[in-house]
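As provided, work.cif (mmCIF, C-alpha atoms) reads as follows.
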data_target
loop_
_atom_site.label_atom_id
_atom_site.label_comp_id
_atom_site.auth_asym_id
_atom_site.auth_seq_id
_atom_site.Cartn_x
_atom_site.Cartn_y
_atom_site.Cartn_z
CA MET A 1 -49.45 30.87 3.70
CA PRO A 2 -50.81 32.13 7.04
CA THR A 3 -50.36 35.69 8.18
CA THR A 4 -48.43 36.69 11.29
CA SER A 5 -51.68 36.99 13.23
CA GLU A 6 -52.52 33.35 12.47
CA MET A 7 -49.18 31.80 13.42
CA SER A 8 -47.08 31.59 16.55
CA LEU A 9 -44.15 33.96 16.44
CA PRO A 10 -40.96 34.09 18.52
CA PRO A 11 -40.94 36.48 21.52
CA GLU A 12 -38.44 38.79 19.84
CA TRP A 13 -41.04 39.63 17.20
CA GLU A 14 -42.36 42.34 19.55
CA ASP A 15 -38.90 43.88 20.01
CA ASP A 16 -38.78 46.82 17.60
CA GLU A 17 -35.03 47.27 17.78
CA ARG A 18 -34.37 43.60 17.16
CA MET A 19 -36.91 43.45 14.32
CA ASN A 20 -35.43 46.51 12.63
CA PHE A 21 -32.18 44.58 12.41
CA MET A 22 -33.93 41.43 11.16
CA PHE A 23 -35.90 43.32 8.52
CA SER A 24 -32.80 45.03 7.15
CA GLU A 25 -30.87 43.87 4.09
CA PHE A 26 -28.01 41.41 4.41
CA LYS A 27 -24.46 42.64 4.01
CA GLU A 28 -22.99 41.70 0.67
CA ASN A 29 -19.97 40.18 2.34
CA ARG A 30 -20.68 37.75 5.13
CA ASP A 31 -17.13 38.02 6.47
CA VAL A 32 -17.74 41.58 7.64
CA ASN A 33 -19.77 40.31 10.61
CA THR A 34 -20.38 36.59 10.52
CA THR A 35 -22.23 36.53 13.87
CA ASP A 36 -24.92 39.02 12.84
CA TRP A 37 -25.19 37.53 9.37
CA ASP A 38 -25.66 33.96 10.71
CA SER A 39 -28.09 34.96 13.45
CA LYS A 40 -30.31 36.75 10.93
CA MET A 41 -30.14 33.77 8.54
CA ASP A 42 -31.03 31.28 11.30
CA PHE A 43 -33.95 33.47 12.43
CA TRP A 44 -35.62 33.63 9.01
CA THR A 45 -34.88 29.98 8.17
CA ALA A 46 -36.56 28.75 11.37
CA LEU A 47 -39.50 31.11 10.81
CA ILE A 48 -40.03 29.82 7.26
CA PHE A 49 -40.07 26.24 8.51
CA ARG A 50 -42.55 27.14 11.26
CA SER A 51 -44.95 28.85 8.88
CA CYS A 52 -44.86 25.90 6.45
CA ARG A 53 -45.58 23.41 9.22
CA GLN A 54 -48.52 25.41 10.53
CA CYS A 55 -50.21 25.79 7.17
CA GLY A 56 -49.38 22.23 6.02
CA SER A 57 -47.56 23.35 2.89
CA VAL A 58 -44.18 22.31 1.49
CA LEU A 59 -43.89 25.08 -1.11
CA VAL A 60 -42.68 28.63 -0.55
CA ASN A 61 -42.14 31.63 -2.78
CA LEU A 62 -40.83 35.13 -2.19
CA GLN A 63 -44.16 36.83 -2.83
CA ASP A 64 -46.01 34.77 -0.18
CA LEU A 65 -43.18 35.17 2.32
CA ASN A 66 -43.19 38.96 1.95
CA ARG A 67 -46.93 39.04 2.57
CA THR A 68 -46.78 36.57 5.47
CA PHE A 69 -43.98 38.25 7.43
CA GLN A 70 -45.14 41.82 7.00
CA ARG A 71 -44.83 43.77 10.26
CA LYS A 72 -46.09 47.28 10.86
CA GLU A 73 -46.41 47.80 7.10
CA LYS A 74 -42.78 46.80 6.64
CA THR A 75 -41.55 43.93 4.47
CA PRO A 76 -38.32 42.01 5.17
CA LEU A 77 -35.60 43.08 2.77
CA GLY A 78 -33.36 40.02 3.07
CA LEU A 79 -35.75 37.15 2.20
CA SER A 80 -34.33 36.88 -1.31
CA THR A 81 -30.88 36.28 0.17
CA VAL A 82 -32.39 33.75 2.61
CA LEU A 83 -33.95 31.73 -0.23
CA GLN A 84 -30.74 31.79 -2.25
CA THR A 85 -28.70 30.60 0.74
CA MET A 86 -31.19 27.84 1.55
CA ALA A 87 -31.10 26.72 -2.08
CA ARG A 88 -27.30 26.56 -2.08
CA CYS A 89 -27.36 24.50 1.15
CA GLY A 90 -29.93 22.08 -0.30
CA THR A 91 -32.57 22.98 2.29
CA ILE A 92 -34.95 24.03 -0.46
CA GLN A 93 -35.11 23.11 -4.13
CA ARG A 94 -36.79 24.71 -7.10
CA GLU A 95 -40.08 23.06 -7.96
CA SER A 96 -38.99 22.36 -11.53
CA GLU A 97 -35.72 20.78 -10.41
CA PHE A 98 -37.49 18.69 -7.81
CA ALA A 99 -39.94 17.36 -10.42
CA ALA A 100 -37.14 16.73 -12.92
CA SER A 101 -35.27 14.63 -10.34
CA VAL A 102 -38.06 12.05 -10.45
CA ASP A 103 -37.97 9.60 -13.33
CA CYS A 104 -41.53 10.06 -14.55
CA GLY A 105 -43.71 12.09 -16.88
CA TRP A 106 -45.19 14.37 -14.30
CA VAL A 107 -44.74 17.53 -16.35
CA SER A 108 -47.41 16.28 -18.75
CA TRP A 109 -50.16 16.05 -16.17
CA SER A 110 -49.22 17.56 -12.80
CA VAL A 111 -51.08 20.56 -11.50
CA GLY A 112 -49.10 23.74 -10.98
CA MET A 113 -46.04 22.43 -12.86
CA LEU A 114 -44.73 25.57 -14.50
CA LEU A 115 -42.90 25.64 -17.82
CA VAL A 116 -42.18 29.35 -18.14
CA LYS A 117 -40.82 30.14 -14.69
CA PRO A 118 -37.86 27.72 -14.92
CA LEU A 119 -36.87 29.55 -18.13
CA LYS A 120 -37.02 32.90 -16.32
CA TRP A 121 -34.83 31.49 -13.56
CA THR A 122 -32.36 30.07 -16.09
CA PHE A 123 -32.04 33.36 -17.97
CA SER A 124 -31.63 35.35 -14.77
CA THR A 125 -28.94 32.94 -13.61
CA LEU A 126 -27.07 33.21 -16.91
CA LEU A 127 -27.24 36.98 -16.79
CA GLY A 128 -25.80 37.00 -13.27
CA SER A 129 -28.87 38.39 -11.52
CA LYS A 130 -29.04 37.84 -7.78
CA ARG A 131 -32.73 38.50 -7.52
CA VAL A 132 -35.22 35.69 -6.98
CA PRO A 133 -38.44 35.87 -9.02
CA LEU A 134 -41.37 36.65 -6.77
CA GLU A 135 -43.52 33.75 -7.99
CA GLU A 136 -40.77 31.14 -8.23
CA SER A 137 -41.80 28.20 -6.02
CA PHE A 138 -39.36 26.26 -3.88
CA VAL A 139 -39.84 22.87 -2.26
CA VAL A 140 -38.73 22.51 1.37
CA VAL A 141 -36.94 19.16 1.13
CA ASP A 142 -37.27 18.00 4.75
CA LEU A 143 -40.93 18.96 4.95
CA VAL A 144 -41.88 17.19 1.73
CA LYS A 145 -40.27 13.99 3.04
CA GLU A 146 -42.27 14.26 6.26
CA LYS A 147 -45.45 14.93 4.29
CA ALA A 148 -44.84 11.93 2.02
CA ALA A 149 -44.41 9.60 5.01
CA GLU A 150 -47.59 10.99 6.56
CA LEU A 151 -49.55 10.44 3.35
CA LEU A 152 -48.40 6.84 3.09
CA LYS A 153 -49.38 6.17 6.70
CA VAL A 154 -52.85 7.65 6.21
CA TYR A 155 -53.40 5.61 3.03
CA GLN A 156 -52.41 2.35 4.75
CA SER A 157 -54.93 2.96 7.54
CA SER A 158 -57.78 4.05 5.25
CA GLU A 159 -60.48 2.15 3.38
CA PHE A 160 -58.46 2.48 0.18
CA SER A 161 -55.64 0.29 1.50
CA SER A 162 -57.23 -2.75 -0.17
CA CYS A 163 -57.15 -0.96 -3.53
CA SER A 164 -53.78 -0.84 -5.22
CA ILE A 165 -54.89 1.93 -7.60
CA VAL A 166 -56.70 5.06 -6.41
CA SER A 167 -57.85 8.02 -8.47
CA PHE A 168 -56.22 11.39 -7.90
CA GLN A 169 -59.54 12.99 -6.96
CA GLU A 170 -60.15 10.39 -4.27
CA LEU A 171 -56.69 11.09 -2.88
CA CYS A 172 -57.45 14.83 -2.79
CA THR A 173 -60.48 14.07 -0.64
CA LEU A 174 -58.58 11.58 1.54
CA PHE A 175 -55.64 13.92 2.20
CA SER A 176 -57.60 17.16 2.47
CA ASP A 177 -56.77 17.48 6.18
CA ILE A 178 -53.06 16.90 5.58
CA CYS A 179 -52.23 18.84 2.45
CA ALA A 180 -52.99 22.54 2.32
CA ASP A 181 -53.45 22.54 -1.46
CA GLU A 182 -53.18 20.36 -4.52
CA SER A 183 -49.60 21.43 -5.19
CA THR A 184 -48.52 20.12 -1.80
CA LEU A 185 -50.19 16.79 -2.58
CA CYS A 186 -48.38 16.66 -5.92
CA MET A 187 -45.01 17.30 -4.28
CA ALA A 188 -45.65 14.62 -1.65
CA LEU A 189 -46.64 12.11 -4.34
CA LEU A 190 -43.52 13.06 -6.28
CA GLN A 191 -41.42 12.25 -3.21
CA LEU A 192 -43.21 8.91 -2.81
CA GLN A 193 -42.58 8.13 -6.46
CA LYS A 194 -38.94 9.08 -5.97
CA ASP A 195 -38.85 6.58 -3.07
CA LYS A 196 -40.44 3.88 -5.31
CA GLN A 197 -43.59 3.76 -3.16
CA VAL A 198 -46.11 4.98 -5.75
CA ILE A 199 -46.49 5.24 -9.50
CA VAL A 200 -48.58 8.02 -11.05
CA SER A 201 -49.97 7.55 -14.55
CA LEU A 202 -52.85 8.58 -16.82
CA HIS A 203 -55.78 6.35 -17.80
CA GLU A 204 -58.31 7.74 -20.26
CA GLY A 205 -57.43 11.27 -19.23
CA GLU A 206 -57.78 10.50 -15.51
CA LYS A 207 -54.83 10.62 -13.12
CA ILE A 208 -54.45 7.40 -11.14
CA VAL A 209 -51.96 6.49 -8.44
CA LYS A 210 -50.75 2.97 -7.66
CA PHE A 211 -49.39 2.38 -4.14
CA CYS A 212 -46.90 -0.17 -2.93
CA GLN A 213 -48.72 -3.06 -1.27
CA PRO A 214 -47.77 -4.75 2.02
CA GLY A 215 -44.93 -7.22 1.62
CA GLN A 216 -43.40 -5.30 -1.30
CA GLU A 217 -40.27 -3.20 -1.01
CA ARG A 218 -41.11 -1.14 -4.09
CA VAL A 219 -44.19 -0.59 -6.19
CA SER A 220 -44.61 -2.63 -9.35
CA PRO A 221 -45.47 -1.05 -12.72
CA VAL A 222 -49.10 -0.52 -13.63
CA SER A 223 -50.30 -3.55 -15.61
CA ASP A 224 -53.44 -4.30 -17.60
CA VAL A 225 -54.69 -6.42 -14.70
CA ASP A 226 -54.33 -3.44 -12.36
CA VAL A 227 -56.25 -1.21 -14.76
CA GLY A 228 -58.99 -3.86 -15.14
CA ILE A 229 -59.35 -4.20 -11.39
CA TYR A 230 -59.48 -0.43 -11.04
CA GLN A 231 -62.26 -0.20 -13.64
CA LEU A 232 -64.26 -2.92 -11.87
CA GLN A 233 -63.85 -1.20 -8.51
CA HIS A 234 -64.82 2.12 -10.04
CA SER A 235 -67.92 0.55 -11.63
CA GLU A 236 -68.80 -1.07 -8.30
CA LYS A 237 -68.72 2.32 -6.57
CA LEU A 238 -70.84 3.96 -9.28
CA LEU A 239 -73.44 1.16 -9.25
CA GLY A 240 -73.53 1.16 -5.47
CA GLU A 241 -74.16 4.90 -5.43
CA ARG A 242 -76.93 4.58 -8.03
CA VAL A 243 -78.58 1.75 -6.13
CA ARG A 244 -78.51 3.82 -2.96
CA LYS A 245 -80.08 6.84 -4.69
CA LEU A 246 -82.78 4.74 -6.36
CA SER A 247 -83.59 3.05 -3.06
CA LEU A 248 -84.10 6.47 -1.49
CA GLU A 249 -86.31 7.46 -4.43
CA ALA A 250 -88.43 4.33 -3.99
CA ASP A 251 -88.87 5.09 -0.30
CA ARG A 252 -89.86 8.65 -1.17
CA CYS A 253 -92.49 7.43 -3.66
CA LYS A 254 -93.90 5.10 -1.04
CA GLU A 255 -94.14 7.88 1.52
CA GLU A 256 -95.81 10.23 -1.01
CA ALA A 257 -98.36 7.53 -1.87
CA ARG A 258 -99.19 7.14 1.83
CA ILE A 259 -99.65 10.90 2.25
CA LEU A 260 -101.83 11.19 -0.90
CA LEU A 261 -103.96 8.25 0.22
CA ARG A 262 -104.62 9.93 3.57
CA GLU A 263 -105.69 13.08 1.71
CA GLY A 264 -108.09 11.05 -0.41
CA LYS A 265 -106.15 11.42 -3.65
CA LYS A 266 -106.25 7.79 -4.62
CA SER A 267 -105.35 8.19 -8.31
CA GLN A 268 -102.23 10.19 -7.52
CA ALA A 269 -101.29 7.66 -4.85
CA LEU A 270 -101.55 4.88 -7.44
CA ARG A 271 -99.23 6.78 -9.79
CA CYS A 272 -96.67 7.10 -6.99
CA LEU A 273 -96.90 3.37 -6.35
CA ARG A 274 -96.38 2.65 -10.06
CA SER A 275 -93.30 4.89 -10.03
CA ARG A 276 -92.07 3.06 -6.95
CA LYS A 277 -92.48 -0.28 -8.75
CA ARG A 278 -90.48 0.96 -11.75
CA VAL A 279 -87.73 2.28 -9.51
CA GLU A 280 -87.59 -0.99 -7.58
CA LYS A 281 -87.19 -2.93 -10.85
CA ARG A 282 -84.28 -0.70 -11.81
CA VAL A 283 -82.81 -1.22 -8.36
CA ASP A 284 -83.11 -4.99 -8.73
CA SER A 285 -81.47 -4.87 -12.15
CA LEU A 286 -78.60 -2.68 -10.96
CA PHE A 287 -78.17 -4.75 -7.83
CA ALA A 288 -77.85 -7.92 -9.93
CA LYS A 289 -75.12 -6.23 -12.00
CA LEU A 290 -73.47 -5.03 -8.83
CA GLU A 291 -73.42 -8.55 -7.42
CA THR A 292 -71.87 -9.81 -10.67
CA ILE A 293 -69.09 -7.25 -10.44
CA ARG A 294 -68.51 -8.10 -6.78
CA GLY A 295 -68.33 -11.78 -7.68
CA ILE A 296 -65.70 -11.05 -10.32
CA LEU A 297 -63.69 -8.98 -7.84
CA ASP A 298 -63.88 -11.79 -5.29
CA ARG A 299 -62.62 -14.27 -7.86
CA ILE A 300 -59.77 -11.93 -8.80
CA ALA A 301 -58.84 -11.57 -5.15
CA GLN A 302 -59.00 -15.35 -4.75
CA SER A 303 -56.84 -15.83 -7.84
CA GLN A 304 -54.29 -13.42 -6.43
CA THR A 305 -54.31 -15.41 -3.20
CA ASP A 306 -53.90 -18.63 -5.16
CA LYS A 307 -51.01 -17.08 -7.04
CA MET A 308 -49.33 -16.11 -3.79
CA VAL A 309 -49.85 -19.64 -2.44
CA MET A 310 -48.42 -21.14 -5.63
CA GLN A 311 -45.37 -18.92 -5.33
CA ALA A 312 -44.97 -20.04 -1.74
CA TYR A 313 -45.26 -23.69 -2.86
CA GLN A 314 -42.61 -23.16 -5.51
CA ALA A 315 -40.27 -21.55 -3.01
CA GLY A 316 -40.91 -24.42 -0.59
CA VAL A 317 -40.23 -27.05 -3.22
CA ALA A 318 -36.99 -25.34 -4.22
CA ALA A 319 -35.87 -25.14 -0.60
CA LEU A 320 -36.83 -28.77 0.05
CA ARG A 321 -35.01 -29.92 -3.07
CA LEU A 322 -31.93 -28.02 -1.97
CA SER A 323 -32.07 -29.49 1.55
CA LEU A 324 -32.50 -33.04 0.17
CA LYS A 325 -29.72 -32.65 -2.35
CA ASP A 326 -27.40 -35.19 -0.65
CA VAL A 327 -30.18 -37.45 0.68
CA SER A 328 -31.37 -40.65 -1.09
CA VAL A 329 -33.39 -43.75 -0.23
CA GLU A 330 -30.36 -46.03 -0.59
CA ARG A 331 -28.34 -43.89 1.75
CA ALA A 332 -31.17 -43.80 4.27
CA GLU A 333 -31.51 -47.62 4.12
CA SER A 334 -27.75 -47.99 4.60
CA LEU A 335 -27.83 -45.75 7.64
CA VAL A 336 -30.75 -47.68 9.11
CA ASP A 337 -28.91 -50.99 8.58
CA GLN A 338 -25.80 -49.62 10.25
CA ILE A 339 -27.85 -48.44 13.21
CA GLN A 340 -29.48 -51.88 13.49
CA GLU A 341 -26.10 -53.63 13.39
CA LEU A 342 -24.76 -51.38 16.10
CA CYS A 343 -27.82 -52.03 18.25
CA ASP A 344 -27.40 -55.80 17.82
CA THR A 345 -23.72 -55.53 18.74
CA GLN A 346 -24.60 -53.59 21.87
CA ASP A 347 -27.17 -56.22 22.87
CA GLU A 348 -24.60 -58.98 22.48
CA VAL A 349 -22.07 -57.11 24.58
CA ASN A 350 -24.64 -56.58 27.32
CA GLN A 351 -25.60 -60.26 27.24
CA THR A 352 -21.96 -61.33 27.49
CA ILE A 353 -21.32 -59.07 30.46
CA SER A 354 -24.42 -60.32 32.24
CA SER A 355 -23.54 -64.01 31.67
CA GLY A 356 -20.02 -63.48 33.08
CA VAL A 357 -21.36 -62.08 36.33
CA THR A 358 -23.80 -65.01 36.69
CA ALA A 359 -20.97 -67.61 36.25
CA ALA A 360 -19.14 -66.18 39.28
CA TYR A 361 -22.14 -67.06 41.42
CA GLU A 362 -23.15 -70.32 39.79
CA ASP A 363 -23.08 -72.16 43.20
CA MET A 364 -25.67 -69.78 44.62
CA ASP A 365 -28.26 -72.57 44.80
CA GLU A 366 -26.04 -74.76 46.98
CA LEU A 367 -25.41 -71.87 49.35
CA GLU A 368 -29.10 -71.24 49.68
CA LYS A 369 -29.71 -74.94 50.48
CA GLU A 370 -27.05 -74.87 53.19
CA LEU A 371 -28.54 -71.70 54.68
CA LYS A 372 -31.95 -73.36 54.75
CA ALA A 373 -30.48 -76.43 56.53
CA LEU A 374 -29.01 -74.18 59.20
CA LEU A 375 -32.36 -72.60 59.78
CA ASP A 376 -34.00 -76.03 60.14
CA GLU A 377 -31.56 -77.26 62.87
CA PRO A 378 -32.91 -77.10 66.52
CA GLU A 379 -31.46 -74.45 68.83
CA ALA A 380 -28.91 -75.65 71.49
CA ASP A 381 -29.94 -75.60 75.22
CA VAL A 382 -27.54 -73.71 77.47
CA ASN A 383 -28.39 -76.04 80.37
CA SER A 384 -27.78 -79.15 78.35
CA PRO A 385 -25.23 -81.59 79.87
CA ASP A 386 -23.69 -81.92 76.49
CA LEU A 387 -22.11 -78.48 76.79
CA PRO A 388 -18.35 -78.57 77.39
CA ALA A 389 -17.06 -77.98 80.97
CA PHE A 390 -15.47 -74.71 82.01
CA PRO A 391 -11.75 -74.82 81.50
CA THR A 392 -9.35 -74.46 84.47
CA ASP A 393 -6.97 -71.56 84.88
CA SER A 394 -3.21 -71.64 85.66
CA ARG A 395 -3.82 -72.11 89.43
CA GLY A 396 -5.88 -75.20 88.84
CA LEU A 397 -9.17 -73.54 89.68
CA SER A 398 -12.15 -74.50 87.63
CA GLY A 399 -14.56 -72.06 86.11
CA GLU A 400 -17.11 -72.72 88.79
CA GLN A 401 -14.56 -71.98 91.50
CA ILE A 402 -13.64 -68.74 89.78
CA LEU A 403 -17.26 -67.60 89.54
CA SER A 404 -18.39 -68.76 93.02
CA PRO A 405 -17.11 -65.69 94.99
CA LEU A 406 -19.09 -63.35 92.70
CA PRO A 407 -22.48 -62.24 93.94
CA ALA A 408 -25.53 -63.64 92.34
CA VAL A 409 -27.10 -61.77 89.48
CA PRO A 410 -30.16 -59.93 90.71
CA HIS A 411 -33.41 -60.96 89.11
CA GLY A 412 -35.78 -58.51 90.74
CA HIS A 413 -36.41 -54.82 90.35
CA LEU A 414 -33.69 -52.54 91.69
CA ASN A 415 -35.17 -50.19 94.29
CA THR A 416 -31.89 -48.91 95.73
CA THR A 417 -32.12 -45.60 97.54
CA THR A 418 -29.59 -42.85 97.78
CA ASP A 419 -28.55 -43.80 101.34
CA VAL A 420 -27.86 -47.35 100.33
CA LEU A 421 -25.74 -46.19 97.40
CA GLU A 422 -23.72 -43.86 99.63
CA GLU A 423 -23.14 -46.67 102.15
CA GLU A 424 -21.97 -48.97 99.40
CA LEU A 425 -19.65 -46.26 98.10
CA ASN A 426 -18.09 -45.79 101.57
CA ARG A 427 -17.52 -49.52 101.91
CA LEU A 428 -15.80 -49.66 98.59
CA THR A 429 -13.65 -46.72 99.59
CA LEU A 430 -12.57 -48.41 102.82
CA SER A 431 -11.82 -51.65 100.99
CA GLU A 432 -9.68 -49.81 98.47
CA THR A 433 -7.76 -48.05 101.28
CA GLY A 434 -7.01 -51.32 103.00
CA PHE A 435 -5.89 -52.83 99.74
CA ARG A 436 -3.43 -50.00 99.21
CA GLN A 437 -2.06 -50.37 102.76
CA ARG A 438 -1.45 -54.05 102.20
CA ARG A 439 0.42 -53.27 99.01
CA VAL A 440 2.84 -50.89 100.77
CA THR A 441 3.65 -53.32 103.61
CA SER A 442 7.25 -54.57 103.48
CA PRO A 443 8.02 -58.18 102.66
CA GLU A 444 9.36 -58.79 106.16
CA LYS A 445 6.00 -57.71 107.68
CA ARG A 446 4.12 -59.83 105.30
CA LEU A 447 6.25 -62.78 106.15
CA GLU A 448 5.83 -62.10 109.84
CA ALA A 449 2.10 -61.82 109.41
CA ALA A 450 2.12 -65.11 107.59
CA GLN A 451 3.96 -66.81 110.42
#

Would you kindly transcribe this structure into structure tokens?
Amino acid sequence: MPTTSEMSLPPEWEDDERMNFMFSEFKENRDVNTTDWDSKMDFWTALIFRSCRQCGSVLVNLQDLNRTFQRKEKTPLGLSTVLQTMARCGTIQRESEFAASVDCGWVSWSVGMLLVKPLKWTFSTLLGSKRVPLEESFVVVDLVKEKAAELLKVYQSSEFSSCSIVSFQELCTLFSDICADESTLCMALLQLQKDKQVIVSLHEGEKIVKFCQPGQERVSPVSDVDVGIYQLQHSEKLLGERVRKLSLEADRCKEEARILLREGKKSQALRCLRSRKRVEKRVDSLFAKLETIRGILDRIAQSQTDKMVMQAYQAGVAALRLSLKDVSVERAESLVDQIQELCDTQDEVNQTISSGVTAAYEDMDELEKELKALLDEPEADVNSPDLPAFPTDSRGLSGEQILSPLPAVPHGHLNTTTDVLEEELNRLTLSETGFRQRRVTSPEKRLEAAQ
């Protein structure tokens, strides 16, 4: 774990009075002063989390904590109580208990998995000791979950994502920037195995890890096919590395032959060229084997794709069979016949309605003939003598006598001026005044005027 000079500390770390209180031992009874007891516990718990995050570790022990949080040659006296309290709350868990909670055989192969220390802890617990062994390791539960999720994300975005099985050594190299040590990697893989995302097993003394592939909710057990694919991929990497080294050696021999030839050492240059030829033959042989392995891997990948397609076909057939459970050819033909009958019935109804409307106007042709005859008749002349004479009114006056006093209809353009219109308006006014005077004259005066 990092020292205090390598990690960020809270501002109160420089307060001597405050730190003297924090470095003191906890009271045996929390109820004496719950505020001070809880504040001290929260301070050290947060500081332990901070130190683990900064160093990238998920394991803590009392010995490392005492060395990490040493201040002015003083060591905190209450860290043992802090670890015990965190263990009771479930914030941390003993390494042995954490490994035992996973259904696997990790104890047989994991690095740093201790067999003696859990016995020491068990005996001290039975004897009633409140002291925590200095080297007893604890797993910070929340941090190991975060680390496991981070590992899975890095794997999925790496070049190994296409490989379902990866060796433990390759994972150590891949996660070197994430995990502070091998024990942290083991704890993170344990958490992933607990979450059913990886399976860790041994193959010929080598630790291998199988990851859950995309589209799977949980990892499947390691099968013989997985082991065979892993061996082929491992052989491909080894052959590729050997081909690369031999190609560099052939280039080196060629360059040495060129240098020796310039120096006039022809015989030595010929030996370098012979060595280059032998190396190139080995390269060709290894490259042919490498291509064979790659071809096998391609066929395996294609077979896995074909298997996935076949599974999809089977699921599709089952779904189609279920959807067509109540559908048959006879039923489809019956439905089509019913639809055709209904369409024929609708056509007949439409034809009947249309014929009824046509019968109401069946004499349309005769009406059109009569209209055409009216259009062919000559127009009547208004001046024709055949026109009937104007009828007479009740006084015995004919129409011509009635119309004779009226002025003639003007045929020219009306160019009446304003003066003429005013004169005509005055005349009409005078005429109307005289008419009114005649109307108010008594009958005797009218009779006298008539005589």

What are the closest atom pairs, with distances in Å to one decimal, for each residue of range 9-57 of chain A lying within 10 Å of range 128-152 of chain A, using only C-alpha atoms, rows by chain and rising residue number, as a tab-separated table?
residue	atom	partner	partner_atom	distance
A:Ile48	CA	A:Val140	CA	9.5
A:Phe49	CA	A:Leu143	CA	8.1
A:Cys52	CA	A:Leu143	CA	8.1
A:Arg53	CA	A:Leu143	CA	7.7
A:Gly56	CA	A:Lys147	CA	8.5
A:Ser57	CA	A:Leu143	CA	8.2

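Pairwise distance (CA of Leu77 in chain A, CA of Asn61 in chain A) equals 14.3 Å.
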
task: Tell me which residues the PyMOL selection byres ((chain A and resi 13) around 12) grabs here, as a VMD selection string.
output: chain A and resid 4 to 5 7 to 12 14 to 23 43 to 44 47 69 to 72

task: Name the residues captured by the PyMOL selection byres ((chain A and resi 198) around 6) when it is applied to the shown file; answer as a list of chain:residue names.
output: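 Answer for the PyMOL selection byres ((chain A and resi 198) around 6): A:Leu192, A:Gln193, A:Lys196, A:Gln197, A:Ile199, A:Lys210, A:Phe211, A:Cys212, A:Val219.
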
task: I would like the residues chosen by the PyMOL selection byres ((chain A and resi 41) around 12) on the shown file; could you give them as a PyMOL selection string?
output: chain A and resi 21-27+30+34-40+42-48+78-86

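What separates CA of Ile300 in chain A from CA of Gln213 in chain A is a distance of 16.0 Å.
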
Minimum-distance residue to Ala180 in chain A, chosen among A:Gln54, A:Asn426, A:Gly316, A:Lys369 (using all atoms listed in the file):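 Distance minimum relative to Ala180 in chain A lands on A:Gln54.
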
- request: Figure out the distance between CA of Gln169 in chain A and CA of Lys207 in chain A, please, to one decimal in Å.
  value: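 Computed distance, CA of Lys207 in chain A to CA of Gln169 in chain A, equals 8.1 Å.
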
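Across A:Leu320, A:Val279, A:Leu171, A:Leu62, the tightest approach to Cys186 in chain A is made by A:Leu171 when counting all atoms listed in the file.
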